[in-house]
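Enquirer: Okay, here's the structure, questions in a sec.
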Protein chains: 2
Amino acid sequence: MDRKPTHPGAVFLEDIMKPLNLTVTEAAHMLGVSRKALSEFVNEKASLSPEMALRISKATNTSVESWMNMQQKLTLWYAYQHEPTNVIPFPLDAVKKRM
Amino acid sequence: MDRKPTHPGAVFLEDIMKPLNLTVTEAAHMLGVSRKALSEFVNEKASLSPEMALRISKATNTSVESWMNMQQKLTLWYAYQHEPTNVIPFPLDAVKKRM
DNA sequence: TGGGTTGACCCGTGTAACGTTACGGGTTAT
DNA sequence: ATAACCCGTAACGTTACACGGGTCAACCCA
C-alpha cells in the first residue's frame, strides 16, 4: 500500500558516489568488489548483501544498520506484494503481548 | 565482538509455541509452511526469511519488523565474523555526514 | 579518432530457503 | 504389544540470487 522504498543502491549512487565524483569502476575497486557487482547494486538490479553493507559502511564511515535497514524496508515491501493468505491465527489470548 | 544475538527461531519457540503448547506440526500447518521449514527455523538451522516473518507476524499479531530486526542482528553478527579487509576509505571530507 | 567508462549479457559457482518423501527414535494411548 | 503421533534429519530437486570473469556495443570526452 505504501510507496516502494528507495533502493539503497540509488542512495549510495546519489549521496556518496556522485558528490565524490567516483566512477563505478573506481568505487568498486575501493570497496573491494567487482565492477559488475557494484554496477548491479547501484542500478537496483541486485539487493544489498550484508557483506556489501559492511564494505560500504567501512569505506564511508557510516553505520551498517542504516544501510541494512534501507534494504530491509525494500525486502519487506516486496514480501508484502506476495502476501501469504493461508495463515491461521494462533490462539494467543492467554499470552501476554510484549511487542 | 558482541555476543551472538538470539536466533528468532528460538524466540518463536520459547515465547510463542511453548506458551501455547503448539507442536511443530501444528504450528507449521497454521503458518502455511512445511513441517521441515518450521523445524529448521526453530532449531536455528535456517534463518528467518521475509515470507516466514510475514506469516509469523500475521499468525501472532506481532510486528514484522521486530522479527526481521532479530534476524538482521544475527545476519550482521555473522557478517562481522568474515569482515572484509580490502576496503579503501572514500575521500569524504567534502561531504556532510548525515548519519 | 582513440581511450576510459558503463550497462547489458552469457557462463559458471556457491549459498540458501523450501517442498516432498522417507527413515528411525521417542512417547502415549488403546 | 501395537497403533498413532511427533520429532529431527537426510536426500533430492527446484528456484532464487550475489558474485566474478569475460565480452561487447554505446557513449562521452580530450
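Ordered as shown in the C-alpha cells, chains take letters A, B, and onward, while each chain numbers its residues from 1 and ligands are numbered from 1 in the order shown.
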Lay chain B over chain A using all C-alpha atoms, matched one to one in order, with a least-squares fit; then write it out as a CSV table (one decimal) with N, CA, C and O atoms, in the first residue's frame.

Expert:
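That gives us selection04.csv:
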chain,number,residue,atom,x,y,z
B,1,MET,N,1.2,-1.4,1.1
B,1,MET,CA,0.4,-0.4,0.4
B,1,MET,C,1.1,0.9,0.2
B,1,MET,O,0.7,1.8,-0.5
B,2,ASP,N,2.2,1.1,1.0
B,2,ASP,CA,3.0,2.3,0.9
B,2,ASP,C,3.7,2.4,-0.5
B,2,ASP,O,3.7,1.4,-1.2
B,3,ARG,N,4.3,3.5,-0.7
B,3,ARG,CA,5.1,3.6,-1.9
B,3,ARG,C,6.4,2.8,-1.7
B,3,ARG,O,6.9,2.6,-0.6
B,4,LYS,N,6.9,2.3,-2.9
B,4,LYS,CA,8.1,1.5,-2.8
B,4,LYS,C,9.3,2.2,-2.2
B,4,LYS,O,9.6,3.3,-2.7
B,5,PRO,N,9.9,1.7,-1.2
B,5,PRO,CA,11.0,2.3,-0.6
B,5,PRO,C,12.2,2.5,-1.5
B,5,PRO,O,12.3,1.8,-2.5
B,6,THR,N,13.0,3.5,-1.2
B,6,THR,CA,14.2,3.8,-2.1
B,6,THR,C,15.2,2.6,-2.0
B,6,THR,O,15.5,2.2,-0.9
B,7,HIS,N,15.7,2.3,-3.1
B,7,HIS,CA,16.8,1.2,-3.1
B,7,HIS,C,18.1,1.8,-2.6
B,7,HIS,O,18.5,2.9,-3.0
B,8,PRO,N,18.7,1.1,-1.7
B,8,PRO,CA,19.9,1.6,-1.1
B,8,PRO,C,21.0,1.9,-2.1
B,8,PRO,O,21.8,2.8,-1.9
B,9,GLY,N,21.0,1.2,-3.2
B,9,GLY,CA,21.9,1.4,-4.3
B,9,GLY,C,21.8,2.8,-4.9
B,9,GLY,O,22.8,3.5,-5.2
B,10,ALA,N,20.5,3.3,-5.0
B,10,ALA,CA,20.3,4.6,-5.5
B,10,ALA,C,20.8,5.7,-4.6
B,10,ALA,O,21.4,6.7,-5.0
B,11,VAL,N,20.6,5.4,-3.3
B,11,VAL,CA,21.1,6.3,-2.3
B,11,VAL,C,22.6,6.4,-2.3
B,11,VAL,O,23.2,7.5,-2.3
B,12,PHE,N,23.2,5.2,-2.4
B,12,PHE,CA,24.7,5.2,-2.5
B,12,PHE,C,25.2,6.0,-3.7
B,12,PHE,O,26.2,6.7,-3.6
B,13,LEU,N,24.5,5.8,-4.8
B,13,LEU,CA,24.9,6.5,-6.0
B,13,LEU,C,24.8,8.0,-5.9
B,13,LEU,O,25.7,8.8,-6.2
B,14,GLU,N,23.6,8.4,-5.4
B,14,GLU,CA,23.3,9.8,-5.4
B,14,GLU,C,24.1,10.6,-4.3
B,14,GLU,O,24.6,11.7,-4.5
B,15,ASP,N,24.1,10.0,-3.1
B,15,ASP,CA,24.6,10.7,-1.9
B,15,ASP,C,26.1,10.5,-1.6
B,15,ASP,O,26.7,11.2,-0.9
B,16,ILE,N,26.6,9.4,-2.2
B,16,ILE,CA,28.0,9.1,-2.0
B,16,ILE,C,28.9,9.3,-3.2
B,16,ILE,O,29.8,10.1,-3.3
B,17,MET,N,28.6,8.4,-4.2
B,17,MET,CA,29.4,8.4,-5.4
B,17,MET,C,29.4,9.7,-6.2
B,17,MET,O,30.5,10.3,-6.5
B,18,LYS,N,28.2,10.2,-6.5
B,18,LYS,CA,28.1,11.5,-7.3
B,18,LYS,C,28.8,12.6,-6.6
B,18,LYS,O,29.6,13.3,-7.2
B,19,PRO,N,28.6,12.9,-5.3
B,19,PRO,CA,29.2,14.0,-4.6
B,19,PRO,C,30.7,13.9,-4.7
B,19,PRO,O,31.5,14.9,-4.7
B,20,LEU,N,31.2,12.6,-4.6
B,20,LEU,CA,32.7,12.4,-4.6
B,20,LEU,C,33.3,12.2,-6.0
B,20,LEU,O,34.4,12.0,-6.2
B,21,ASN,N,32.4,12.3,-7.0
B,21,ASN,CA,32.8,12.1,-8.4
B,21,ASN,C,33.5,10.8,-8.6
B,21,ASN,O,34.6,10.7,-9.3
B,22,LEU,N,33.0,9.8,-8.0
B,22,LEU,CA,33.5,8.4,-8.2
B,22,LEU,C,32.8,7.7,-9.3
B,22,LEU,O,31.6,7.7,-9.3
B,23,THR,N,33.6,7.0,-10.1
B,23,THR,CA,33.0,6.2,-11.1
B,23,THR,C,32.8,4.8,-10.5
B,23,THR,O,33.3,4.5,-9.4
B,24,VAL,N,31.9,4.0,-11.2
B,24,VAL,CA,31.6,2.7,-10.7
B,24,VAL,C,32.9,1.9,-10.6
B,24,VAL,O,33.1,1.1,-9.6
B,25,THR,N,33.8,2.0,-11.6
B,25,THR,CA,35.0,1.3,-11.6
B,25,THR,C,35.9,1.6,-10.4
B,25,THR,O,36.4,0.7,-9.7
B,26,GLU,N,36.0,2.9,-10.1
B,26,GLU,CA,36.8,3.4,-9.0
B,26,GLU,C,36.2,2.9,-7.7
B,26,GLU,O,36.9,2.3,-6.8
B,27,ALA,N,34.9,3.2,-7.5
B,27,ALA,CA,34.3,2.8,-6.2
B,27,ALA,C,34.3,1.3,-6.0
B,27,ALA,O,34.5,0.8,-4.8
B,28,ALA,N,34.1,0.5,-7.0
B,28,ALA,CA,34.2,-0.9,-6.9
B,28,ALA,C,35.5,-1.4,-6.4
B,28,ALA,O,35.6,-2.2,-5.5
B,29,HIS,N,36.5,-0.8,-7.0
B,29,HIS,CA,37.9,-1.1,-6.6
B,29,HIS,C,38.2,-0.8,-5.1
B,29,HIS,O,38.7,-1.6,-4.3
B,30,MET,N,37.7,0.4,-4.7
B,30,MET,CA,37.9,0.8,-3.3
B,30,MET,C,37.1,-0.1,-2.3
B,30,MET,O,37.5,-0.3,-1.2
B,31,LEU,N,35.9,-0.5,-2.8
B,31,LEU,CA,35.1,-1.4,-1.9
B,31,LEU,C,35.6,-2.8,-1.9
B,31,LEU,O,35.3,-3.6,-1.0
B,32,GLY,N,36.4,-3.1,-2.9
B,32,GLY,CA,36.9,-4.5,-2.9
B,32,GLY,C,36.0,-5.5,-3.6
B,32,GLY,O,36.0,-6.7,-3.2
B,33,VAL,N,35.1,-5.0,-4.4
B,33,VAL,CA,34.2,-5.9,-5.1
B,33,VAL,C,34.3,-5.7,-6.6
B,33,VAL,O,35.1,-4.8,-7.1
B,34,SER,N,33.7,-6.6,-7.4
B,34,SER,CA,33.8,-6.5,-8.9
B,34,SER,C,33.0,-5.3,-9.4
B,34,SER,O,32.1,-4.9,-8.7
B,35,ARG,N,33.4,-4.8,-10.5
B,35,ARG,CA,32.7,-3.7,-11.1
B,35,ARG,C,31.2,-4.1,-11.4
B,35,ARG,O,30.3,-3.3,-11.2
B,36,LYS,N,31.1,-5.3,-11.7
B,36,LYS,CA,29.7,-5.8,-12.0
B,36,LYS,C,28.8,-5.8,-10.8
B,36,LYS,O,27.7,-5.4,-10.8
B,37,ALA,N,29.4,-6.3,-9.7
B,37,ALA,CA,28.6,-6.3,-8.4
B,37,ALA,C,28.1,-4.9,-8.0
B,37,ALA,O,27.0,-4.8,-7.7
B,38,LEU,N,29.0,-4.0,-8.1
B,38,LEU,CA,28.6,-2.6,-7.7
B,38,LEU,C,27.6,-2.0,-8.7
B,38,LEU,O,26.7,-1.4,-8.4
B,39,SER,N,27.9,-2.3,-10.0
B,39,SER,CA,27.1,-1.8,-11.1
B,39,SER,C,25.6,-2.3,-10.9
B,39,SER,O,24.7,-1.5,-10.9
B,40,GLU,N,25.5,-3.5,-10.6
B,40,GLU,CA,24.1,-4.1,-10.4
B,40,GLU,C,23.5,-3.5,-9.2
B,40,GLU,O,22.3,-3.3,-9.2
B,41,PHE,N,24.3,-3.3,-8.2
B,41,PHE,CA,23.7,-2.7,-7.0
B,41,PHE,C,23.2,-1.3,-7.2
B,41,PHE,O,22.1,-1.0,-6.8
B,42,VAL,N,24.1,-0.4,-7.7
B,42,VAL,CA,23.6,1.0,-7.9
B,42,VAL,C,22.6,1.1,-8.9
B,42,VAL,O,21.8,2.1,-9.0
B,43,ASN,N,22.4,0.1,-9.8
B,43,ASN,CA,21.4,0.2,-10.8
B,43,ASN,C,20.2,-0.6,-10.4
B,43,ASN,O,19.3,-1.0,-11.2
B,44,GLU,N,20.1,-1.0,-9.1
B,44,GLU,CA,19.0,-1.6,-8.5
B,44,GLU,C,18.6,-3.0,-9.1
B,44,GLU,O,17.5,-3.4,-9.1
B,45,LYS,N,19.7,-3.7,-9.6
B,45,LYS,CA,19.4,-5.0,-10.2
B,45,LYS,C,19.7,-6.1,-9.1
B,45,LYS,O,19.2,-7.2,-9.2
B,46,ALA,N,20.4,-5.7,-8.1
B,46,ALA,CA,20.7,-6.6,-7.0
B,46,ALA,C,20.5,-5.8,-5.7
B,46,ALA,O,20.6,-4.6,-5.6
B,47,SER,N,20.1,-6.6,-4.7
B,47,SER,CA,19.8,-6.0,-3.4
B,47,SER,C,21.1,-5.9,-2.6
B,47,SER,O,22.2,-6.4,-3.0
B,48,LEU,N,21.0,-5.2,-1.5
B,48,LEU,CA,22.2,-5.0,-0.7
B,48,LEU,C,22.5,-6.2,0.2
B,48,LEU,O,21.8,-6.6,1.1
B,49,SER,N,23.6,-6.8,-0.1
B,49,SER,CA,24.0,-8.0,0.7
B,49,SER,C,24.7,-7.5,2.0
B,49,SER,O,25.2,-6.4,2.0
B,50,PRO,N,24.6,-8.3,3.0
B,50,PRO,CA,25.3,-7.9,4.3
B,50,PRO,C,26.7,-7.6,4.1
B,50,PRO,O,27.2,-6.6,4.7
B,51,GLU,N,27.4,-8.3,3.3
B,51,GLU,CA,28.8,-8.1,3.1
B,51,GLU,C,29.0,-6.7,2.4
B,51,GLU,O,29.9,-6.0,2.8
B,52,MET,N,28.2,-6.5,1.4
B,52,MET,CA,28.3,-5.2,0.7
B,52,MET,C,28.0,-4.1,1.7
B,52,MET,O,28.7,-3.0,1.6
B,53,ALA,N,27.1,-4.2,2.5
B,53,ALA,CA,26.7,-3.2,3.5
B,53,ALA,C,27.9,-2.9,4.4
B,53,ALA,O,28.2,-1.8,4.7
B,54,LEU,N,28.6,-4.0,4.8
B,54,LEU,CA,29.8,-3.8,5.7
B,54,LEU,C,30.9,-3.0,5.0
B,54,LEU,O,31.5,-2.2,5.5
B,55,ARG,N,31.1,-3.4,3.7
B,55,ARG,CA,32.1,-2.7,2.9
B,55,ARG,C,31.8,-1.2,2.8
B,55,ARG,O,32.6,-0.3,3.0
B,56,ILE,N,30.5,-0.9,2.4
B,56,ILE,CA,30.1,0.5,2.3
B,56,ILE,C,30.2,1.2,3.6
B,56,ILE,O,30.7,2.4,3.7
B,57,SER,N,29.9,0.5,4.7
B,57,SER,CA,30.0,1.1,6.0
B,57,SER,C,31.4,1.5,6.3
B,57,SER,O,31.7,2.6,6.8
B,58,LYS,N,32.3,0.6,6.1
B,58,LYS,CA,33.7,0.9,6.4
B,58,LYS,C,34.3,2.0,5.5
B,58,LYS,O,35.1,2.8,5.9
B,59,ALA,N,34.0,1.9,4.2
B,59,ALA,CA,34.5,2.9,3.3
B,59,ALA,C,34.0,4.3,3.5
B,59,ALA,O,34.7,5.3,3.3
B,60,THR,N,32.7,4.4,3.9
B,60,THR,CA,32.2,5.7,4.0
B,60,THR,C,32.0,6.1,5.5
B,60,THR,O,31.4,7.2,5.7
B,61,ASN,N,32.4,5.3,6.4
B,61,ASN,CA,32.3,5.6,7.8
B,61,ASN,C,30.9,5.9,8.2
B,61,ASN,O,30.6,6.9,8.9
B,62,THR,N,30.0,5.1,7.7
B,62,THR,CA,28.5,5.3,8.1
B,62,THR,C,28.1,4.0,8.8
B,62,THR,O,28.9,3.0,8.8
B,63,SER,N,27.0,4.0,9.4
B,63,SER,CA,26.5,2.8,10.2
B,63,SER,C,26.0,1.7,9.2
B,63,SER,O,25.3,2.0,8.3
B,64,VAL,N,26.4,0.5,9.5
B,64,VAL,CA,25.9,-0.7,8.7
B,64,VAL,C,24.4,-0.7,8.8
B,64,VAL,O,23.7,-1.0,7.8
B,65,GLU,N,23.9,-0.5,10.0
B,65,GLU,CA,22.4,-0.6,10.2
B,65,GLU,C,21.6,0.3,9.3
B,65,GLU,O,20.6,-0.1,8.8
B,66,SER,N,22.1,1.5,9.1
B,66,SER,CA,21.3,2.4,8.3
B,66,SER,C,21.1,1.9,6.9
B,66,SER,O,20.1,2.0,6.3
B,67,TRP,N,22.2,1.3,6.4
B,67,TRP,CA,22.1,0.7,5.0
B,67,TRP,C,21.3,-0.6,5.0
B,67,TRP,O,20.4,-0.8,4.1
B,68,MET,N,21.5,-1.4,6.0
B,68,MET,CA,20.7,-2.7,6.1
B,68,MET,C,19.2,-2.4,6.3
B,68,MET,O,18.4,-3.1,5.7
B,69,ASN,N,18.9,-1.3,7.0
B,69,ASN,CA,17.5,-1.0,7.2
B,69,ASN,C,16.8,-0.5,5.9
B,69,ASN,O,15.6,-0.8,5.7
B,70,MET,N,17.6,0.2,5.1
B,70,MET,CA,17.0,0.6,3.8
B,70,MET,C,16.6,-0.7,3.0
B,70,MET,O,15.5,-0.8,2.5
B,71,GLN,N,17.6,-1.6,3.0
B,71,GLN,CA,17.3,-2.9,2.3
B,71,GLN,C,16.1,-3.6,2.9
B,71,GLN,O,15.3,-4.2,2.2
B,72,GLN,N,16.1,-3.6,4.2
B,72,GLN,CA,15.0,-4.4,4.9
B,72,GLN,C,13.6,-3.9,4.5
B,72,GLN,O,12.7,-4.6,4.3
B,73,LYS,N,13.5,-2.5,4.5
B,73,LYS,CA,12.3,-1.9,4.1
B,73,LYS,C,11.9,-2.3,2.7
B,73,LYS,O,10.7,-2.6,2.4
B,74,LEU,N,12.8,-2.3,1.8
B,74,LEU,CA,12.6,-2.7,0.4
B,74,LEU,C,12.2,-4.2,0.4
B,74,LEU,O,11.2,-4.6,-0.3
B,75,THR,N,12.9,-5.0,1.0
B,75,THR,CA,12.6,-6.5,1.1
B,75,THR,C,11.2,-6.7,1.6
B,75,THR,O,10.5,-7.6,1.0
B,76,LEU,N,10.9,-6.0,2.6
B,76,LEU,CA,9.6,-6.2,3.2
B,76,LEU,C,8.5,-5.7,2.3
B,76,LEU,O,7.4,-6.3,2.2
B,77,TRP,N,8.8,-4.7,1.6
B,77,TRP,CA,7.8,-4.1,0.6
B,77,TRP,C,7.5,-5.2,-0.5
B,77,TRP,O,6.4,-5.4,-0.8
B,78,TYR,N,8.6,-5.8,-0.9
B,78,TYR,CA,8.4,-6.9,-1.9
B,78,TYR,C,7.6,-8.1,-1.3
B,78,TYR,O,6.8,-8.6,-2.0
B,79,ALA,N,7.9,-8.4,-0.1
B,79,ALA,CA,7.2,-9.5,0.6
B,79,ALA,C,5.7,-9.2,0.6
B,79,ALA,O,4.9,-10.1,0.4
B,80,TYR,N,5.4,-8.0,0.9
B,80,TYR,CA,4.0,-7.6,1.0
B,80,TYR,C,3.2,-7.8,-0.3
B,80,TYR,O,2.0,-7.9,-0.4
B,81,GLN,N,4.0,-7.8,-1.4
B,81,GLN,CA,3.4,-7.9,-2.7
B,81,GLN,C,2.8,-9.3,-2.9
B,81,GLN,O,1.9,-9.5,-3.7
B,82,HIS,N,3.4,-10.3,-2.3
B,82,HIS,CA,3.0,-11.7,-2.4
B,82,HIS,C,2.5,-12.1,-1.0
B,82,HIS,O,2.9,-13.2,-0.6
B,83,GLU,N,1.7,-11.4,-0.4
B,83,GLU,CA,1.3,-11.7,1.0
B,83,GLU,C,0.7,-13.1,1.1
B,83,GLU,O,-0.2,-13.4,0.3
B,84,PRO,N,1.2,-13.9,2.0
B,84,PRO,CA,0.6,-15.2,2.2
B,84,PRO,C,-0.8,-15.1,2.8
B,84,PRO,O,-1.0,-14.3,3.7
B,85,THR,N,-1.6,-15.9,2.3
B,85,THR,CA,-3.0,-15.9,2.8
B,85,THR,C,-3.5,-17.0,3.6
B,85,THR,O,-4.4,-16.9,4.4
B,86,ASN,N,-2.8,-18.2,3.4
B,86,ASN,CA,-3.2,-19.4,4.1
B,86,ASN,C,-2.6,-19.4,5.5
B,86,ASN,O,-2.0,-20.4,5.9
B,87,VAL,N,-2.7,-18.4,6.3
B,87,VAL,CA,-2.2,-18.3,7.6
B,87,VAL,C,-3.3,-18.3,8.7
B,87,VAL,O,-4.2,-17.5,8.6
B,88,ILE,N,-3.3,-19.3,9.5
B,88,ILE,CA,-4.3,-19.5,10.6
B,88,ILE,C,-3.8,-18.8,11.9
B,88,ILE,O,-2.7,-19.1,12.3
B,89,PRO,N,-4.5,-17.8,12.4
B,89,PRO,CA,-4.1,-17.1,13.6
B,89,PRO,C,-3.9,-18.1,14.8
B,89,PRO,O,-4.6,-19.0,14.9
B,90,PHE,N,-2.9,-17.8,15.6
B,90,PHE,CA,-2.6,-18.6,16.8
B,90,PHE,C,-3.6,-18.1,17.9
B,90,PHE,O,-3.9,-17.0,18.0
B,91,PRO,N,-4.0,-19.1,18.8
B,91,PRO,CA,-4.9,-18.7,19.9
B,91,PRO,C,-4.0,-18.1,21.0
B,91,PRO,O,-3.8,-18.7,22.0
B,92,LEU,N,-3.7,-16.8,20.8
B,92,LEU,CA,-2.8,-16.2,21.8
B,92,LEU,C,-3.5,-15.4,22.9
B,92,LEU,O,-2.9,-14.5,23.4
B,93,ASP,N,-4.7,-15.8,23.2
B,93,ASP,CA,-5.4,-15.0,24.2
B,93,ASP,C,-4.7,-15.1,25.6
B,93,ASP,O,-4.7,-14.2,26.3
B,94,ALA,N,-4.1,-16.3,25.8
B,94,ALA,CA,-3.5,-16.5,27.1
B,94,ALA,C,-2.1,-15.9,27.2
B,94,ALA,O,-1.5,-15.8,28.3
B,95,VAL,N,-1.6,-15.4,26.1
B,95,VAL,CA,-0.2,-14.9,26.1
B,95,VAL,C,-0.1,-13.4,26.2
B,95,VAL,O,-0.8,-12.7,25.4
B,96,LYS,N,0.6,-12.9,27.1
B,96,LYS,CA,0.8,-11.5,27.2
B,96,LYS,C,1.6,-10.9,26.1
B,96,LYS,O,2.7,-11.4,25.8
B,97,LYS,N,1.1,-10.0,25.4
B,97,LYS,CA,1.8,-9.4,24.2
B,97,LYS,C,2.8,-8.4,24.7
B,97,LYS,O,2.5,-7.4,25.4
B,98,ARG,N,4.1,-8.6,24.3
B,98,ARG,CA,5.2,-7.7,24.7
B,98,ARG,C,5.6,-6.8,23.5
B,98,ARG,O,6.5,-6.0,23.7
B,99,MET,N,5.0,-6.9,22.4
B,99,MET,CA,5.5,-6.2,21.2
B,99,MET,C,4.5,-5.1,20.8
B,99,MET,O,3.4,-5.3,20.7

Enquirer: Distance limit 9 Å, atoms considered: only C-alpha atoms (C1' of nucleotides). Which chain C residues sit that close to chain A? Return them as a VMD selection string.

Expert: chain C and resid 5 to 7

Enquirer: Could the residues of chain D within 9 Å of chain B, counting only C-alpha atoms (C1' of nucleotides), be given as a list of chain:residue names, please?

Expert: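 Residues satisfying the distance criterion: D:DC6, D:DC7, D:DG8.
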
Enquirer: Quick one: residues within 12 Å of DT21 of chain C, only C-alpha atoms (C1' of nucleotides) counted, chain neighbours fewer than 5 positions away excluded, as a ChimeraX atom specification?

Expert: /B:36 /D:10-13

Enquirer: Store the residues of this selection in a file with C-alpha atoms (C1' of nucleotides), as a tab-separated table (two decimals), in the first residue's frame.

Expert:
chain	number	residue	atom	x	y	z
B	36	LYS	CA	10.50	-29.15	7.79
D	10	DA	C1'	18.76	-36.73	5.38
D	11	DA	C1'	18.40	-36.99	0.28
D	12	DC	C1'	16.88	-34.96	-3.89
D	13	DG	C1'	15.27	-31.32	-6.79

Enquirer: Show which residues sit within 12 Å of DT15 of chain D, as a PyMOL selection string. Count only C-alpha atoms (C1' of nucleotides), and ignore same-chain residues fewer than 2 positions away.

Expert: (chain C and resi 16-19) or (chain D and resi 13+17)

Enquirer: Go ahead and write the selection's residues with all heavy atoms as a compact mmCIF listing (two decimals), in the first residue's frame.

Expert:
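Now in result-v2.txt:
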# COMPACT_ATOMS: atom_id res chain seq x y z
P DA C 16 24.75 -20.18 3.53
OP1 DA C 16 25.07 -19.13 4.53
OP2 DA C 16 25.13 -21.58 3.75
O5' DA C 16 23.19 -20.13 3.25
C5' DA C 16 22.63 -18.98 2.64
C4' DA C 16 21.22 -19.29 2.19
O4' DA C 16 21.23 -19.91 0.88
C3' DA C 16 20.48 -20.27 3.11
O3' DA C 16 19.19 -19.75 3.36
C2' DA C 16 20.40 -21.54 2.29
C1' DA C 16 20.29 -20.94 0.89
N9 DA C 16 20.61 -21.89 -0.17
C8 DA C 16 21.64 -22.79 -0.19
N7 DA C 16 21.67 -23.52 -1.27
C5 DA C 16 20.58 -23.07 -2.02
C6 DA C 16 20.07 -23.44 -3.26
N6 DA C 16 20.60 -24.40 -4.02
N1 DA C 16 18.97 -22.79 -3.70
C2 DA C 16 18.44 -21.84 -2.93
N3 DA C 16 18.84 -21.39 -1.74
C4 DA C 16 19.93 -22.07 -1.34
P DA C 17 18.57 -19.93 4.83
OP1 DA C 17 18.87 -18.68 5.55
OP2 DA C 17 18.96 -21.23 5.40
O5' DA C 17 17.03 -19.97 4.48
C5' DA C 17 16.47 -18.95 3.67
C4' DA C 17 15.35 -19.53 2.82
O4' DA C 17 15.89 -20.31 1.74
C3' DA C 17 14.40 -20.45 3.59
O3' DA C 17 13.07 -20.02 3.35
C2' DA C 17 14.66 -21.84 3.00
C1' DA C 17 15.14 -21.49 1.60
N9 DA C 17 16.04 -22.50 1.02
C8 DA C 17 17.17 -23.02 1.59
N7 DA C 17 17.79 -23.90 0.83
C5 DA C 17 17.02 -23.97 -0.31
C6 DA C 17 17.14 -24.72 -1.49
N6 DA C 17 18.13 -25.59 -1.71
N1 DA C 17 16.19 -24.55 -2.44
C2 DA C 17 15.20 -23.68 -2.19
N3 DA C 17 14.97 -22.91 -1.12
C4 DA C 17 15.94 -23.11 -0.21
P DC C 18 11.89 -20.54 4.23
OP1 DC C 18 10.93 -19.44 4.31
OP2 DC C 18 12.44 -21.17 5.44
O5' DC C 18 11.23 -21.67 3.32
C5' DC C 18 10.84 -21.37 1.99
C4' DC C 18 10.58 -22.65 1.23
O4' DC C 18 11.83 -23.23 0.82
C3' DC C 18 9.89 -23.73 2.05
O3' DC C 18 8.50 -23.74 1.72
C2' DC C 18 10.60 -25.03 1.66
C1' DC C 18 11.58 -24.60 0.58
N1 DC C 18 12.89 -25.33 0.61
C2 DC C 18 13.30 -26.05 -0.51
O2 DC C 18 12.57 -26.05 -1.50
N3 DC C 18 14.47 -26.72 -0.48
C4 DC C 18 15.24 -26.68 0.62
N4 DC C 18 16.39 -27.34 0.60
C5 DC C 18 14.85 -25.94 1.78
C6 DC C 18 13.67 -25.29 1.73
P DG C 19 7.51 -24.71 2.44
OP1 DG C 19 6.19 -24.08 2.48
OP2 DG C 19 8.15 -25.19 3.69
O5' DG C 19 7.46 -25.92 1.40
C5' DG C 19 7.27 -25.66 0.01
C4' DG C 19 7.29 -26.96 -0.77
O4' DG C 19 8.67 -27.36 -0.99
C3' DG C 19 6.61 -28.11 -0.04
O3' DG C 19 5.62 -28.72 -0.88
C2' DG C 19 7.74 -29.08 0.29
C1' DG C 19 8.85 -28.72 -0.67
N9 DG C 19 10.18 -28.86 -0.06
C8 DG C 19 10.60 -28.25 1.09
N7 DG C 19 11.83 -28.57 1.42
C5 DG C 19 12.24 -29.44 0.43
C6 DG C 19 13.47 -30.12 0.25
O6 DG C 19 14.48 -30.08 0.95
N1 DG C 19 13.46 -30.92 -0.90
C2 DG C 19 12.39 -31.04 -1.76
N2 DG C 19 12.57 -31.86 -2.80
N3 DG C 19 11.25 -30.42 -1.61
C4 DG C 19 11.23 -29.63 -0.49
P DG D 13 18.14 -35.49 -7.95
OP1 DG D 13 18.06 -36.38 -9.10
OP2 DG D 13 19.45 -34.88 -7.58
O5' DG D 13 17.08 -34.32 -8.12
C5' DG D 13 15.69 -34.60 -7.97
C4' DG D 13 14.91 -33.30 -8.00
O4' DG D 13 14.94 -32.69 -6.68
C3' DG D 13 15.46 -32.26 -8.98
O3' DG D 13 14.41 -31.73 -9.78
C2' DG D 13 16.08 -31.19 -8.07
C1' DG D 13 15.27 -31.32 -6.79
N9 DG D 13 16.03 -30.93 -5.60
C8 DG D 13 17.31 -31.33 -5.28
N7 DG D 13 17.74 -30.81 -4.16
C5 DG D 13 16.68 -30.02 -3.73
C6 DG D 13 16.56 -29.20 -2.58
O6 DG D 13 17.39 -29.01 -1.68
N1 DG D 13 15.32 -28.57 -2.52
C2 DG D 13 14.32 -28.71 -3.45
N2 DG D 13 13.21 -28.02 -3.23
N3 DG D 13 14.42 -29.47 -4.54
C4 DG D 13 15.62 -30.08 -4.61
P DC D 17 15.31 -13.34 -6.78
OP1 DC D 17 14.52 -12.39 -5.99
OP2 DC D 17 15.23 -13.37 -8.25
O5' DC D 17 16.84 -13.17 -6.38
C5' DC D 17 17.24 -13.43 -5.03
C4' DC D 17 18.75 -13.50 -4.95
O4' DC D 17 19.24 -14.80 -5.35
C3' DC D 17 19.47 -12.50 -5.86
O3' DC D 17 20.55 -11.94 -5.16
C2' DC D 17 20.01 -13.38 -6.97
C1' DC D 17 20.39 -14.59 -6.13
N1 DC D 17 20.72 -15.82 -6.91
C2 DC D 17 21.75 -16.65 -6.45
O2 DC D 17 22.33 -16.37 -5.41
N3 DC D 17 22.08 -17.75 -7.17
C4 DC D 17 21.42 -18.02 -8.30
N4 DC D 17 21.78 -19.12 -8.98
C5 DC D 17 20.38 -17.18 -8.78
C6 DC D 17 20.06 -16.10 -8.06

Enquirer: Please give the complete set of residues from chain B that DSSP, run on the backbone, assigns to alpha helix (DSSP H), formatted as number ranges by chain.

Expert: B: 8-11, 18-20, 24-31, 35-42, 50-60, 64-81

Enquirer: Between atom C1' of DG12 of chain C and atom C1' of DA25 of chain D, what is the distance, to one decimal in Å?

Expert: 23.4 Å

Enquirer: I'd like the neighbourhood of DT30 of chain C as a ChimeraX atom specification, where a residue qualifies if any of its atoms comes within 10 Å (using only C-alpha atoms (C1' of nucleotides)), though same-chain residues fewer than 5 positions away should be ignored.

Expert: /D:2-4

Enquirer: Can you measure atom C1' of DC10 of chain C to atom C1' of DG20 of chain D for me? One decimal in Å is fine.

Expert: 12.7 Å

Enquirer: Tell me, in Å to one decimal, how far atom C1' of DG2 of chain C is from atom C1' of DA30 of chain D.

Expert: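 Taking atom C1' of DG2 of chain C and atom C1' of DA30 of chain D, their separation equals 9.7 Å.
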